[in-house]
Structures are given as structure tokens and as C-alpha cells.
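For reference, entry.cif (mmCIF, C-alpha atoms):
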```cif
data_coords
#
loop_
_atom_site.label_atom_id
_atom_site.label_comp_id
_atom_site.auth_asym_id
_atom_site.auth_seq_id
_atom_site.Cartn_x
_atom_site.Cartn_y
_atom_site.Cartn_z
CA MET A 1 -15.25 215.99 -91.12
CA SER A 2 -16.91 213.61 -93.53
CA SER A 3 -18.78 213.90 -96.78
CA SER A 4 -21.96 213.83 -94.69
CA GLY A 5 -20.87 217.37 -93.75
CA TRP A 6 -22.05 218.58 -97.15
CA THR A 7 -25.60 219.89 -97.33
CA ASP A 8 -27.86 218.41 -100.01
CA ASP A 9 -27.66 221.61 -102.04
CA GLU A 10 -23.85 221.73 -101.87
CA LEU A 11 -23.64 218.13 -102.94
CA LEU A 12 -26.06 218.68 -105.82
CA ASN A 13 -24.13 221.75 -106.97
CA GLU A 14 -20.82 219.89 -106.96
CA LEU A 15 -22.41 216.94 -108.73
CA ARG A 16 -23.84 219.29 -111.36
CA ALA A 17 -20.37 220.80 -111.90
CA ALA A 18 -18.79 217.33 -112.03
CA LEU A 19 -21.24 216.04 -114.62
CA ASN A 20 -21.02 219.13 -116.80
CA GLU A 21 -17.24 219.43 -116.97
CA PRO A 22 -15.80 219.93 -120.45
CA PRO A 23 -14.69 216.61 -121.96
CA VAL A 24 -10.95 215.90 -122.19
CA ASP A 25 -9.49 216.32 -125.68
CA GLU A 26 -9.55 213.08 -127.66
CA SER A 27 -5.85 213.58 -128.53
CA ILE A 28 -4.95 213.57 -124.83
CA ILE A 29 -7.04 210.44 -124.21
CA ARG A 30 -5.42 208.69 -127.18
CA ALA A 31 -1.91 209.55 -125.99
CA ALA A 32 -2.80 208.16 -122.55
CA GLU A 33 -4.16 204.96 -124.09
CA GLU A 34 -1.02 204.55 -126.17
CA ALA A 35 1.12 204.78 -123.04
CA PHE A 36 0.05 201.17 -122.38
CA ALA A 37 2.43 200.01 -125.09
CA TRP A 38 5.27 200.89 -122.67
CA ARG A 39 4.10 198.41 -120.04
CA ALA A 40 7.20 196.71 -118.68
CA VAL A 41 7.12 193.16 -119.91
CA ASP A 42 10.76 192.78 -118.96
CA ALA A 43 11.13 192.04 -115.25
CA GLU A 44 14.93 192.21 -115.60
CA LEU A 45 14.68 195.94 -116.20
CA GLU A 46 15.31 197.84 -112.95
CA LEU A 47 13.35 201.10 -112.67
CA LEU A 48 15.25 204.17 -111.45
CA LEU A 49 12.99 206.72 -109.75
CA LEU A 50 13.25 210.45 -110.24
CA ASP A 51 14.50 212.12 -107.08
CA ALA A 52 11.81 214.63 -106.12
CA SER A 53 14.41 216.95 -104.63
CA SER A 54 16.23 217.16 -107.94
CA ASP A 55 13.92 220.07 -108.69
CA MET A 56 16.19 222.14 -106.50
CA ASN A 57 19.74 221.90 -107.70
CA PRO A 58 22.94 223.88 -108.18
CA ALA A 59 22.09 224.64 -111.79
CA LEU A 60 18.93 226.32 -110.61
CA VAL A 61 20.83 228.50 -108.18
CA ARG A 62 23.34 229.49 -110.84
CA GLY A 63 20.38 230.91 -112.70
CA ASP A 64 21.30 229.47 -116.10
CA SER A 65 18.86 227.53 -118.19
CA SER A 66 20.20 224.04 -117.49
CA ARG A 67 18.43 221.62 -115.19
CA MET A 68 19.63 218.61 -113.32
CA LEU A 69 17.69 215.40 -112.77
CA THR A 70 18.76 212.46 -110.63
CA PHE A 71 17.26 208.98 -110.82
CA HIS A 72 17.89 206.41 -108.11
CA GLY A 73 17.65 202.63 -108.03
CA GLU A 74 18.87 199.93 -105.70
CA ARG A 75 22.10 199.28 -107.53
CA PHE A 76 22.49 202.23 -109.89
CA SER A 77 21.84 205.95 -110.10
CA VAL A 78 22.11 208.32 -113.00
CA THR A 79 22.40 212.10 -112.91
CA VAL A 80 21.87 214.24 -115.98
CA GLU A 81 22.24 217.93 -116.67
CA ILE A 82 20.18 219.16 -119.57
CA ASP A 83 20.28 222.41 -121.51
CA GLU A 84 19.57 223.55 -125.06
CA SER A 85 22.86 222.14 -126.34
CA GLY A 86 22.33 218.65 -124.99
CA ILE A 87 22.55 216.24 -122.10
CA ILE A 88 25.61 215.47 -120.00
CA GLY A 89 25.26 212.63 -117.55
CA GLN A 90 27.02 210.24 -115.24
CA LEU A 91 26.33 206.68 -114.22
CA ILE A 92 26.82 205.85 -110.54
CA PRO A 93 28.73 203.78 -109.61
CA PRO A 94 31.08 205.26 -112.22
CA GLY A 95 31.90 202.95 -115.11
CA PRO A 96 31.32 202.26 -118.76
CA GLY A 97 27.87 201.51 -120.16
CA GLN A 98 25.51 202.08 -123.01
CA ILE A 99 22.71 204.65 -122.75
CA THR A 100 19.73 205.09 -125.05
CA LEU A 101 17.62 208.25 -125.02
CA MET A 102 14.03 207.07 -125.54
CA THR A 103 11.04 209.13 -126.64
CA THR A 104 7.52 207.74 -126.96
CA ASP A 105 8.25 207.42 -130.68
CA GLY A 106 11.26 205.17 -130.00
CA PRO A 107 15.01 205.61 -129.55
CA GLN A 108 16.31 209.12 -130.29
CA ALA A 109 20.04 208.68 -129.64
CA LEU A 110 22.65 206.28 -128.29
CA ALA A 111 25.73 207.08 -126.17
CA HIS A 112 28.57 205.21 -124.50
CA ALA A 113 29.63 206.12 -120.98
CA ASP A 114 33.42 206.31 -120.43
CA GLU A 115 35.50 204.72 -117.65
CA VAL A 116 34.17 207.18 -115.06
CA GLY A 117 30.57 206.88 -116.23
CA TYR A 118 30.33 210.14 -118.16
CA PHE A 119 28.21 210.31 -121.29
CA SER A 120 26.67 212.96 -123.52
CA LEU A 121 23.54 212.95 -125.64
CA PRO A 122 21.82 215.47 -127.90
CA ALA A 123 19.08 217.71 -126.46
CA PRO A 124 15.91 215.66 -125.98
CA ALA A 125 12.93 216.03 -128.29
CA ARG A 126 9.82 217.67 -126.90
CA GLY A 127 7.66 215.48 -124.67
CA PRO A 128 8.36 212.71 -122.16
CA VAL A 129 11.72 210.94 -122.42
CA ARG A 130 13.60 208.30 -120.46
CA LEU A 131 17.03 206.71 -120.45
CA GLU A 132 17.61 203.01 -120.97
CA CYS A 133 21.01 201.85 -119.75
CA VAL A 134 23.04 198.69 -120.11
CA VAL A 135 25.92 198.24 -117.67
CA GLY A 136 27.68 194.89 -118.01
CA ASP A 137 24.88 192.36 -117.90
CA ALA A 138 22.59 194.66 -115.90
CA ARG A 139 19.88 196.73 -117.54
CA PHE A 140 17.95 199.59 -116.06
CA VAL A 141 15.60 202.33 -117.15
CA THR A 142 14.66 205.72 -115.68
CA GLU A 143 11.14 206.88 -115.03
CA TRP A 144 9.61 208.96 -117.78
CA ALA A 145 10.24 212.67 -117.31
CA THR A 146 9.60 215.84 -119.25
CA PRO A 147 12.92 217.61 -118.82
CA MET B 1 -17.81 191.74 -108.08
CA GLY B 2 -18.55 194.70 -105.83
CA SER B 3 -18.08 198.20 -107.18
CA THR B 4 -15.85 198.77 -104.14
CA SER B 5 -12.94 197.20 -105.90
CA ARG B 6 -13.66 198.29 -109.48
CA VAL B 7 -10.67 200.63 -109.66
CA GLY B 8 -8.47 198.07 -107.90
CA TRP B 9 -9.60 195.45 -110.36
CA LEU B 10 -8.87 197.74 -113.32
CA VAL B 11 -5.36 198.43 -112.02
CA ARG B 12 -4.61 194.75 -111.48
CA ALA B 13 -6.07 193.72 -114.84
CA SER B 14 -4.03 196.43 -116.59
CA ALA B 15 -0.89 195.22 -114.82
CA ASP B 16 -1.65 191.78 -116.22
CA GLY B 17 -1.81 193.18 -119.74
CA ASP B 18 -5.56 193.70 -120.17
CA GLU B 19 -5.71 196.59 -122.61
CA ALA B 20 -9.48 197.04 -122.30
CA ALA B 21 -9.07 197.58 -118.56
CA TRP B 22 -6.38 200.18 -119.25
CA THR B 23 -8.65 202.00 -121.71
CA GLU B 24 -11.40 202.09 -119.08
CA LEU B 25 -8.95 203.45 -116.48
CA VAL B 26 -7.81 206.19 -118.85
CA ARG B 27 -11.36 207.19 -119.82
CA GLN B 28 -12.41 207.29 -116.18
CA TYR B 29 -9.46 209.21 -114.76
CA ALA B 30 -8.20 211.42 -117.61
CA PRO B 31 -10.65 214.15 -116.44
CA LEU B 32 -9.10 214.08 -112.94
CA VAL B 33 -5.55 214.38 -114.30
CA MET B 34 -6.59 217.24 -116.61
CA ALA B 35 -8.51 219.00 -113.84
CA VAL B 36 -5.41 218.98 -111.62
CA ILE B 37 -3.26 220.20 -114.53
CA ARG B 38 -5.74 223.02 -115.23
CA THR B 39 -5.27 224.37 -111.71
CA TYR B 40 -1.62 225.09 -112.66
CA LYS B 41 -2.59 227.05 -115.78
CA LEU B 42 0.10 225.49 -117.99
CA ALA B 43 0.32 226.19 -121.73
CA PRO B 44 -1.69 223.61 -123.73
CA ALA B 45 1.42 221.86 -125.10
CA ASP B 46 2.88 221.61 -121.57
CA ALA B 47 -0.44 220.31 -120.26
CA GLN B 48 -0.36 217.60 -122.90
CA ASP B 49 3.24 216.64 -121.99
CA VAL B 50 2.41 216.47 -118.28
CA SER B 51 -0.68 214.34 -118.91
CA GLN B 52 1.28 211.88 -121.01
CA THR B 53 4.12 211.75 -118.48
CA VAL B 54 1.61 210.89 -115.72
CA TRP B 55 0.06 208.03 -117.73
CA LEU B 56 3.49 206.69 -118.71
CA ARG B 57 4.44 206.76 -115.02
CA LEU B 58 1.29 204.86 -114.14
CA VAL B 59 2.13 202.23 -116.74
CA GLU B 60 5.56 201.82 -115.12
CA HIS B 61 4.10 201.54 -111.64
CA LEU B 62 0.99 199.43 -112.34
CA ALA B 63 2.50 196.28 -110.92
CA ASN B 64 3.85 197.87 -107.74
CA LEU B 65 1.13 200.32 -106.64
CA ARG B 66 0.78 199.61 -102.95
CA GLU B 67 -2.92 200.41 -102.88
CA PRO B 68 -4.59 200.06 -106.28
CA GLU B 69 -7.82 201.35 -104.69
CA ALA B 70 -6.09 204.64 -103.90
CA LEU B 71 -5.35 205.34 -107.57
CA PRO B 72 -7.11 208.76 -107.64
CA GLY B 73 -4.80 210.01 -104.89
CA TRP B 74 -1.74 208.56 -106.64
CA LEU B 75 -2.71 210.28 -109.89
CA THR B 76 -3.24 213.61 -108.11
CA VAL B 77 0.16 213.51 -106.39
CA THR B 78 2.00 212.39 -109.53
CA THR B 79 0.30 215.10 -111.61
CA ARG B 80 1.12 217.78 -109.03
CA ARG B 81 4.78 216.77 -109.03
CA ALA B 82 4.99 216.87 -112.82
CA CYS B 83 3.23 220.26 -112.94
CA ALA B 84 5.52 221.71 -110.26
CA ARG B 85 8.51 220.71 -112.34
CA HIS B 86 7.06 222.54 -115.35
CA LEU B 87 6.33 225.65 -113.33
CA GLN B 88 9.88 225.67 -112.11
CA ARG B 89 11.21 225.27 -115.61
CA GLY B 90 9.36 228.43 -116.57
CA ARG B 91 11.15 230.21 -113.75
CA TRP B 92 14.62 229.05 -114.58
CA GLU B 93 15.73 232.24 -116.10
CA GLN B 94 14.32 234.37 -113.33
CA PRO B 95 16.15 235.08 -110.09
CA VAL B 96 15.37 232.39 -107.54
CA ASP B 97 15.60 232.11 -103.81
CA PRO B 98 18.29 229.48 -103.19
CA HIS B 99 16.68 228.62 -99.87
CA GLY B 100 13.21 228.22 -101.32
CA ASP B 101 11.70 224.86 -101.97
CA GLU B 102 9.08 223.39 -104.25
CA ARG B 103 6.38 223.29 -101.60
CA ILE B 104 6.57 226.97 -100.86
CA GLU B 105 6.65 227.94 -104.52
CA VAL B 106 3.63 225.87 -105.33
CA SER B 107 1.50 226.84 -102.38
CA THR B 108 1.89 230.51 -103.20
CA MET B 109 -0.41 230.02 -106.18
CA PRO B 110 -3.75 231.20 -104.85
CA GLY B 111 -6.58 228.72 -105.02
CA LEU B 112 -4.31 225.85 -106.02
CA ASP B 113 -5.09 223.53 -103.11
CA ALA B 114 -8.78 224.26 -103.33
CA GLY B 115 -8.72 223.62 -107.07
CA ILE B 116 -7.06 220.24 -106.60
CA LEU B 117 -9.42 219.25 -103.80
CA ARG B 118 -12.33 220.18 -106.01
CA ALA B 119 -10.94 218.04 -108.83
CA GLU B 120 -10.70 215.09 -106.43
CA LEU B 121 -14.20 215.72 -105.10
CA ARG B 122 -15.66 215.79 -108.60
CA GLN B 123 -13.92 212.55 -109.46
CA ALA B 124 -15.28 210.98 -106.26
CA LEU B 125 -18.79 212.21 -107.09
CA GLN B 126 -18.64 210.71 -110.57
CA ASP B 127 -17.24 207.42 -109.26
CA GLY B 128 -19.85 207.43 -106.49
CA LEU B 129 -22.67 208.08 -108.92
CA ALA B 130 -21.57 205.08 -110.97
CA GLU B 131 -21.91 202.92 -107.85
CA LEU B 132 -25.60 203.78 -107.42
CA ASP B 133 -28.39 201.83 -109.06
CA GLU B 134 -29.86 203.11 -112.31
CA LYS B 135 -32.96 204.59 -110.75
CA ASP B 136 -30.94 206.76 -108.35
CA GLN B 137 -28.55 207.76 -111.12
CA ARG B 138 -31.39 208.85 -113.39
CA LEU B 139 -33.00 211.03 -110.73
CA LEU B 140 -29.68 212.69 -109.81
CA ARG B 141 -28.75 213.26 -113.44
CA LEU B 142 -32.07 214.92 -114.20
CA ARG B 143 -31.81 217.16 -111.16
CA THR B 144 -28.23 218.15 -111.97
CA ALA B 145 -28.80 218.70 -115.71
CA ASP B 146 -27.62 222.06 -117.03
CA PRO B 147 -29.98 223.92 -116.97
CA PRO B 148 -31.55 222.08 -113.99
CA MET B 149 -34.91 220.38 -114.43
CA SER B 150 -37.85 221.38 -112.29
CA TYR B 151 -39.66 218.88 -110.06
CA ALA B 152 -42.62 219.16 -112.46
CA GLU B 153 -40.49 218.10 -115.44
CA ILE B 154 -38.86 215.30 -113.48
CA SER B 155 -42.29 214.16 -112.27
CA GLU B 156 -43.50 213.88 -115.84
CA LEU B 157 -40.36 212.15 -117.15
CA LEU B 158 -40.11 209.56 -114.37
CA GLY B 159 -43.82 209.17 -113.59
CA MET B 160 -43.23 210.17 -109.95
CA LYS B 161 -45.52 212.24 -107.76
CA ILE B 162 -44.10 215.75 -107.35
CA GLY B 163 -44.35 215.42 -103.56
CA SER B 164 -42.18 212.31 -103.54
CA ILE B 165 -39.31 213.79 -105.55
CA GLY B 166 -37.80 215.82 -102.69
CA PRO B 167 -37.69 212.91 -100.23
CA SER B 168 -36.41 210.56 -102.97
CA LEU B 169 -33.63 213.00 -103.82
CA ARG B 170 -32.60 213.22 -100.19
CA ARG B 171 -32.39 209.45 -99.94
CA CYS B 172 -30.38 209.31 -103.21
CA LEU B 173 -27.92 211.88 -101.87
CA ASP B 174 -27.54 209.92 -98.64
CA ARG B 175 -26.76 206.80 -100.66
CA LEU B 176 -24.28 208.85 -102.72
CA ARG B 177 -22.54 210.01 -99.52
CA ASP B 178 -22.33 206.39 -98.45
CA THR B 179 -20.68 205.08 -101.65
CA SER B 180 -17.15 203.75 -101.33
CA ALA B 181 -15.81 206.51 -103.62
CA MET B 182 -17.26 209.29 -101.45
CA ARG B 183 -16.27 207.58 -98.21
CA ALA B 184 -12.70 207.21 -99.52
CA TYR B 185 -12.65 210.90 -100.43
CA ALA B 186 -13.92 211.91 -97.00
CA ALA B 187 -11.34 209.67 -95.32
CA ALA B 188 -8.53 211.14 -97.44
CA ILE B 189 -9.58 214.68 -96.48
CA LEU B 190 -9.75 213.74 -92.81
CA PHE B 191 -6.28 212.23 -93.05
CA ALA B 192 -4.90 215.37 -94.71
CA GLU B 193 -6.50 217.58 -92.09
CA GLU B 194 -5.02 215.63 -89.24
CA ARG B 195 -1.60 215.74 -90.86
CA GLU B 196 -1.66 219.39 -91.90
CA GLY B 197 -3.88 220.80 -89.19
CA GLY B 198 -5.97 222.77 -91.67
CA ASP B 199 -9.60 222.43 -92.55
CA ARG B 200 -9.38 221.38 -96.17
CA HIS B 201 -13.11 220.82 -96.32
CA GLU B 202 -13.64 224.50 -95.52
CA LEU B 203 -11.09 225.41 -98.15
CA VAL B 204 -13.22 223.89 -100.88
CA ARG B 205 -16.35 225.55 -99.55
CA MET B 206 -14.78 228.98 -99.38
CA ASP B 207 -13.36 228.87 -102.87
CA ARG B 208 -16.74 229.25 -104.52
#
```
Let's see the structure in the file written out as C-alpha cells.
Amino acid sequence: MSSSGWTDDELLNELRAALNEPPVDESIIRAAEEAFAWRAVDAELELLLLDASSDMNPALVRGDSSRMLTFHGERFSVTVEIDESGIIGQLIPPGPGQITLMTTDGPQALAHADEVGYFSLPAPARGPVRLECVVGDARFVTEWATP
Amino acid sequence: MGSTSRVGWLVRASADGDEAAWTELVRQYAPLVMAVIRTYKLAPADAQDVSQTVWLRLVEHLANLREPEALPGWLTVTTRRACARHLQRGRWEQPVDPHGDERIEVSTMPGLDAGILRAELRQALQDGLAELDEKDQRLLRLRTADPPMSYAEISELLGMKIGSIGPSLRRCLDRLRDTSAMRAYAAAILFAEEREGGDRHELVRMDR
């Protein structure tokens, strides 16, 4: 099947719909443009990717309102459980470190992970957030997520 | 520079810090991201959060996108993932099937796949139109105006014989089908069909 499978009328109708779609809100466009300010200029910063399967997790099965997100990188992972009262997380491999909760407006809170990597942070503000972590002389950052 | 690689060029320039290229990317693809989000019927504030999350993700991944030319597909997948997460959040306090998974949940929303395919098709049509020369674009825009213009009106506006408008339109549409944006869309659909065994093309047609 190729796009040559569309009749002329079908193609014209779709084109008409495409060209007459409602414009996207300027506020949404502006927010997207401003995202560019977060371009990684720091190659030292390792990016931890959100595990797609972390949508299904024990918290979900328990039926309470907390949710668990796991981010993986080559050398580090971080798992966080989030509910209305705040964030509890663990660095893996377990160990001390410094974690900053970032919003698009800048840092919201700072925490120190203990000897086994546990840390706690206040509940995140509305909108996308990410965690920036410093472990020894390594630095890493999670993908943006809307928890 | 060929229009073939316009999106690839924009991605690479953005990765190199060219803010104007980024602005062009956003303006061109924000409608696709929003169209995919709309198929999930999220609350406006959630839609805004998802959109911003998708663009922040793109910023993070600019330098390591394997195929910059395949950006529309990347945006669609990333937006779907972010929307699915939001849907699930809304269900947190409801009983859930512990053996269920995201794919099943999402595909139970009627019309979702067709809506997303349509969003991708419309993006491909707009990108394809931009690849055509100005004369073709003008004719197609007049014929797809809302409300549509008659051949007589088009004839007067463009100084064309009425009898030549039909054949010209057909040739324009053939050139539109042959643009790199439309060929990439057709190839992506073919790929999805082979992988999933369903006729996704039919899906879009039936969801009228």
C-alpha cells in the first residue's frame, strides 16, 4: 500500500483538513521554543532514560496514588516513588550523592542520598521535572518526565 | 540543498545550537504533537504538560537521534508514550488489572490509532505541499480552501482555462504523492502493516 493508493478526492479532502486545522496555542509554541534553553551543552552529563515499563509497577497494583519511575543509564540508575507527600528515591548502585529536583523554572529542591543511596524530596511542582545527580565526580541527569 | 533533507538539516542545526532552526522545527511540528495529544482527550493543562515534556525530550535527544529525517515518527511515539502515562495516572485510584499492560489499555480507546495515523498523514501532506513549487502550491491551496473554490473562480484568479484546471490538479496531486514527505509516510505505513499484519491505510479510510 502506498500513498498512490489514495484517490485524488481523498487526497484533496485530507489536504483540505490538514490546511484548515486550528492553529496551536501561542503559549504552547512559546513553551516548546523555550525548551531549547535546556539543550545539553555539558557532554559530561550522562542521560538516564525513563524505563517505559515503569508505567506498570507494584504501586499501581496496590491501588494507592503513588507512582514509581525508573531511569536507567550505563553506569547509574535511579528509582523514585512519588505521591502527594513527596518523592522517595534510591540511587543504584547504592551510595551517597547529591540530587537536585529541577523544574523548567530552575532548581526546586536539593537532597543528599545516604550510604545506601536513599533520598527524599518534596512533591514536585506541576509540569515536567527531572533529577540532576552528582555521585563522586560523576554527574548524571534523568530525562524530563511529568510524574 | 534539497527539500529531502530539510527536517534532517533542522535537527542537526538545532543540535549545533542554531536557535532559529529550533524555532522552525517547533513551528512546523507543534501541530503534529498537539494532534496526537488531542486523540487522547487530555485536560488542557495536561495537554500542555505533555507537549512541553515532548519538546524537552527532543532537546535532550537532538544530538543522538539515529535518523533525523524520521523526526515526525519519533515525535509521534514520544507523544504517545507521554500521553499513555497521563492516562494511567488518571486511573491510579481505580481498580486495575495487575496483568494488563500499557498497550492493551491504550488500544482500547476507540479511534485512537486512526486518529494518530491521520495526524501523521496531515503532517506529511503539509510537509509535502511545502516541497512543491509555488505554482502547484497555489493551485492546491485554492482548491482546498474552506469553503472550496470552484473551477470558475480558480480560472479567474490564476488566468487558467477552466478545461485545464482538472488535468493540472491531477498532475499536482501526483507530484504531491511523489514528494519525499508523502513517500516517507507511505513507507512508514507499509512497515507498520508488515509488522502488525493490519491494514492501517484502511483504518484511516474507515474512520471518516
Shell around Asp105 of chain A at 12 Å using only C-alpha atoms, local window under 4 positions removed, as a list in words: Ala31, Glu34, Ala35, Ala37, Trp38, Leu101, Ala109, Ala125, Arg126, Gly127, Pro128, Val129 and Arg130 of chain A
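Of the listed residues B:Leu169, B:Arg177, B:Ala30, B:Pro44, the one whose atoms come nearest to Arg143 of chain B is B:Leu169, with distances taken using all atoms listed in the file.
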Result set of the PyMOL selection byres ((chain A and resi 122-124) around 6) on the coordinates above, as a VMD selection string: chain A and resid 85 to 87 121 125
Residues matched by the PyMOL selection byres ((chain A and resi 94) around 10), written as JSON, numbers by chain: {"A": [76, 77, 78, 90, 91, 92, 93, 95, 96, 97, 113, 114, 115, 116, 117, 118]}
Selection result of the PyMOL selection byres ((chain B and resi 62) around 12) on this file, as a VMD selection string: (chain A and resid 35 to 36 38 to 41) or (chain B and resid 8 to 18 21 to 22 25 54 to 61 63 to 69 71 74 to 75)
Coordinates-based distance that separates atom CA of Thr79 of chain B from atom CA of Glu26 of chain A (Å, one decimal):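 Value for the atom CA of Glu26 of chain A-atom CA of Thr79 of chain B distance: 18.9 Å.
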Pick from B:Ser150, B:Ser180, B:Gln28, B:Thr23, whichever lies nearest to chain A using only C-alpha atoms: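 Going through B:Ser150, B:Ser180, B:Gln28, B:Thr23 one by one, the smallest distance to chain A is for B:Thr23.
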Non-local contacts of Ile162 of chain B (7 Å; all atoms listed in the file; under 6 positions in same chain excluded) as a count of residues only: 3
Residue nearest Met34 of chain B among A:Ser66, A:Ile88, A:Glu14, A:Asp25 (counting all atoms listed in the file):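 Of the candidates, the smallest distance to Met34 of chain B is held by A:Asp25.
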Between atom CA of Phe191 of chain B and atom CA of His72 of chain A - distance in Å to one decimal: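 For atom CA of His72 of chain A relative to atom CA of Phe191 of chain B, the distance reads 29.1 Å.
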Non-local contacts of segment 131-143 of chain A (7 Å; all atoms listed in the file; under 3 positions in same chain excluded) as a ChimeraX atom specification: /A:44-50,71,96-102 /B:57
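Considering all atoms listed in the file, the residue among B:Gly115, B:Ala70, B:Val7, B:Ala124 positioned nearest to Arg38 of chain B is B:Gly115.
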Residue nearest chain B - candidates A:Met68, A:Leu110, A:Ile82, A:Ala52, atoms counted: all atoms listed in the file: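 Looking only at the distances to chain B, the closest residue turns out to be A:Ala52.
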Pick from B:Asp49, B:Tyr29, B:Leu117, B:Lys41, whichever lies nearest to chain A using all atoms listed in the file: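 Of all the options, B:Asp49 lies closest to chain A.
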Atomic separation - atom CA of Ala186 of chain B relative to atom CA of Pro167 of chain B, Å: 24.0 Å
